[in-house]
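Below is the file run-v3.cif, which contains mmCIF, C-alpha atoms.
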```
data_upload
loop_
_atom_site.group_PDB
_atom_site.id
_atom_site.type_symbol
_atom_site.label_atom_id
_atom_site.label_comp_id
_atom_site.auth_asym_id
_atom_site.auth_seq_id
_atom_site.Cartn_x
_atom_site.Cartn_y
_atom_site.Cartn_z
ATOM 1 C CA ASP A 1 0.000 0.000 0.000
ATOM 2 C CA PRO A 2 1.587 3.314 -1.100
ATOM 3 C CA GLU A 3 0.121 5.267 1.826
ATOM 4 C CA ILE A 4 1.713 2.911 4.352
ATOM 5 C CA LEU A 5 5.034 2.930 2.507
ATOM 6 C CA ASN A 6 5.001 6.737 2.489
ATOM 7 C CA ALA A 7 4.329 6.860 6.233
ATOM 8 C CA ILE A 8 7.251 4.507 6.829
ATOM 9 C CA ALA A 9 9.520 6.623 4.627
ATOM 10 C CA LEU A 10 8.615 9.806 6.541
ATOM 11 C CA HIS A 11 8.611 8.435 10.080
ATOM 12 C CA THR A 12 12.093 9.695 10.971
ATOM 13 C CA VAL A 13 12.316 13.205 9.489
ATOM 14 C CA GLY A 14 8.751 14.107 8.520
ATOM 15 C CA SER A 15 7.541 16.303 5.692
ATOM 16 C CA GLU A 16 5.622 19.527 5.266
ATOM 17 C CA TYR A 17 2.859 17.462 3.610
ATOM 18 C CA MET A 18 2.012 14.736 6.131
ATOM 19 C CA SER A 19 -1.178 12.678 6.037
ATOM 20 C CA GLN A 20 -2.873 11.611 9.263
ATOM 21 C CA LEU A 21 -1.235 8.203 8.910
ATOM 22 C CA ASP A 22 2.178 9.852 8.420
ATOM 23 C CA LYS A 23 1.634 11.891 11.582
ATOM 24 C CA VAL A 24 0.437 8.925 13.631
ATOM 25 C CA LEU A 25 3.420 6.780 12.677
ATOM 26 C CA PHE A 26 5.881 9.642 13.240
ATOM 27 C CA VAL A 27 4.540 10.369 16.733
ATOM 28 C CA ALA A 28 4.184 6.676 17.602
ATOM 29 C CA ASP A 29 7.851 6.124 16.813
ATOM 30 C CA LYS A 30 8.880 9.027 19.054
ATOM 31 C CA ILE A 31 6.742 7.968 22.033
ATOM 32 C CA GLU A 32 7.045 4.184 21.912
ATOM 33 C CA PRO A 33 7.430 2.581 25.371
ATOM 34 C CA ASN A 34 11.239 2.333 25.274
ATOM 35 C CA ARG A 35 11.694 6.075 24.681
ATOM 36 C CA ARG A 36 12.928 7.978 27.713
ATOM 37 C CA HIS A 37 13.713 11.481 26.401
ATOM 38 C CA GLY A 38 12.760 14.486 28.521
ATOM 39 C CA ALA A 39 9.381 15.386 27.051
ATOM 40 C CA VAL A 40 8.125 11.908 26.194
ATOM 41 C CA GLN A 41 5.481 11.780 28.943
ATOM 42 C CA GLU A 42 4.033 15.151 27.922
ATOM 43 C CA ILE A 43 4.039 14.176 24.248
ATOM 44 C CA ARG A 44 2.225 10.940 25.114
ATOM 45 C CA ARG A 45 -0.474 12.986 26.878
ATOM 46 C CA GLN A 46 -0.733 15.386 23.931
ATOM 47 C CA ALA A 47 -1.050 12.502 21.477
ATOM 48 C CA GLU A 48 -4.241 11.391 23.197
ATOM 49 C CA THR A 49 -6.068 14.639 22.406
ATOM 50 C CA ASP A 50 -4.122 16.727 19.867
ATOM 51 C CA LEU A 51 -2.024 14.898 17.299
ATOM 52 C CA ASP A 52 -0.646 18.091 15.761
ATOM 53 C CA ALA A 53 0.481 19.405 19.160
ATOM 54 C CA ALA A 54 2.222 16.093 19.812
ATOM 55 C CA LEU A 55 3.805 16.213 16.366
ATOM 56 C CA LEU A 56 5.047 19.758 16.944
ATOM 57 C CA SER A 57 6.510 18.717 20.290
ATOM 58 C CA CYS A 58 8.266 15.781 18.636
ATOM 59 C CA PHE A 59 9.889 18.095 16.111
ATOM 60 C CA ASP A 60 10.827 20.561 18.850
ATOM 61 C CA GLU A 61 12.479 17.806 20.893
ATOM 62 C CA SER A 62 14.341 16.430 17.881
ATOM 63 C CA ILE A 63 15.566 19.880 16.879
ATOM 64 C CA ARG A 64 16.644 20.707 20.448
ATOM 65 C CA TYR A 65 18.589 17.463 20.626
ATOM 66 C CA ALA A 66 20.262 18.009 17.243
ATOM 67 C CA LEU A 67 21.322 21.507 18.287
ATOM 68 C CA LYS A 68 22.596 20.234 21.636
ATOM 69 C CA ILE A 69 24.881 17.664 20.034
ATOM 70 C CA GLY A 70 25.851 19.864 17.107
ATOM 71 C CA CYS A 71 24.139 17.947 14.309
ATOM 72 C CA LEU A 72 22.728 19.353 11.112
ATOM 73 C CA LEU A 73 18.962 19.815 11.006
ATOM 74 C CA HIS A 74 17.224 17.865 8.280
ATOM 75 C CA PRO A 75 15.494 20.377 5.970
ATOM 76 C CA SER A 76 12.346 18.228 5.817
ATOM 77 C CA SER A 77 12.016 18.356 9.603
ATOM 78 C CA VAL A 78 12.325 22.139 9.641
ATOM 79 C CA LYS A 79 9.769 22.475 6.826
ATOM 80 C CA ALA A 80 7.404 20.067 8.595
ATOM 81 C CA ARG A 81 7.637 21.992 11.863
ATOM 82 C CA ASN A 82 7.055 25.297 10.079
ATOM 83 C CA ALA A 83 4.024 23.865 8.251
ATOM 84 C CA ILE A 84 2.472 22.704 11.530
ATOM 85 C CA LEU A 85 3.058 26.098 13.135
ATOM 86 C CA ALA A 86 1.619 27.943 10.130
ATOM 87 C CA ALA A 87 -1.489 25.737 10.144
ATOM 88 C CA ARG A 88 -2.015 26.291 13.881
ATOM 89 C CA VAL A 89 -1.646 30.069 13.542
ATOM 90 C CA SER A 90 -4.089 30.286 10.643
ATOM 91 C CA ALA A 91 -6.669 27.997 12.295
#
```
Conversion result in structure tokens:
Amino acid sequence: DPEILNAIALHTVGSEYMSQLDKVLFVADKIEPNRRHGAVQEIRRQAETDLDAALLSCFDESIRYALKIGCLLHPSSVKARNAILAARVSA
């Protein structure tokens, strides 16, 4: 199924054009039970009621971590985060 394959392809860096399935898989990967990063509990709570808020928090955490360790930011992640913010502001 192309939709499932797309969600798998995007589950690590995201995209500015994410379907609901893409978002669910992305967030699920970031909050799976073995994850222990700082905001994981809050993101799990957000995911229960506001998928886009959880998604935004996932991107924020990933970007914070990349900056902390001095890694490059993936352009798709930055575009995805900006798209979520723009949609929330215009809503």
Rank nothing, just name the residue among A:Ala54, A:Ala80, A:Val24, A:Leu67 nearest to Ile8 (chain A), using all atoms listed in the file.
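Of A:Ala54, A:Ala80, A:Val24, A:Leu67, the one nearest Ile8 (chain A), counting all atoms listed in the file, is A:Val24.
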What's the 12 Å shell around Ser77 (chain A), counting all atoms listed in the file, without same-chain residues fewer than 3 positions away, as number ranges by chain?
A: 10-18, 26, 55-56, 58-63, 66, 72-74, 80-84
The PyMOL selection byres ((chain A and resi 32-43) around 8) on the file shown: which residues, as a ChimeraX atom specification?
/A:28-31,44-47,54,57-58,61
Show which residues sit within 9 Å of Leu51 (chain A), as number ranges by chain. Count all atoms listed in the file, and ignore same-chain residues fewer than 6 positions away.
A: 20, 23-24, 27
With C-alpha atoms retained, export the selected residues as a PDB file, keeping the file's coordinate frame.
```pdb
ATOM      1  CA  GLN A  20      -2.873  11.611   9.263  1.00  0.00           C
ATOM      2  CA  LYS A  23       1.634  11.891  11.582  1.00  0.00           C
ATOM      3  CA  VAL A  24       0.437   8.925  13.631  1.00  0.00           C
ATOM      4  CA  VAL A  27       4.540  10.369  16.733  1.00  0.00           C
TER       5      VAL A  27
END
```
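Put simply, CA of Leu21 (chain A) is 12.0 Å away from CA of Asp52 (chain A).
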Rounded to one decimal, what separation in Å do you get between CA of Asp22 (chain A) and CA of Asp1 (chain A)?
13.1 Å
Computed interatomic separation between CA of Thr49 (chain A) and CA of Asn6 (chain A) (Å):
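For CA of Thr49 (chain A) relative to CA of Asn6 (chain A), the distance reads 24.1 Å.
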Which residue is closest to Arg88 (chain A)? Choose from A:Pro2, A:Ser19, A:Ala53, A:Ala9 and count all atoms listed in the file.
A:Ala53
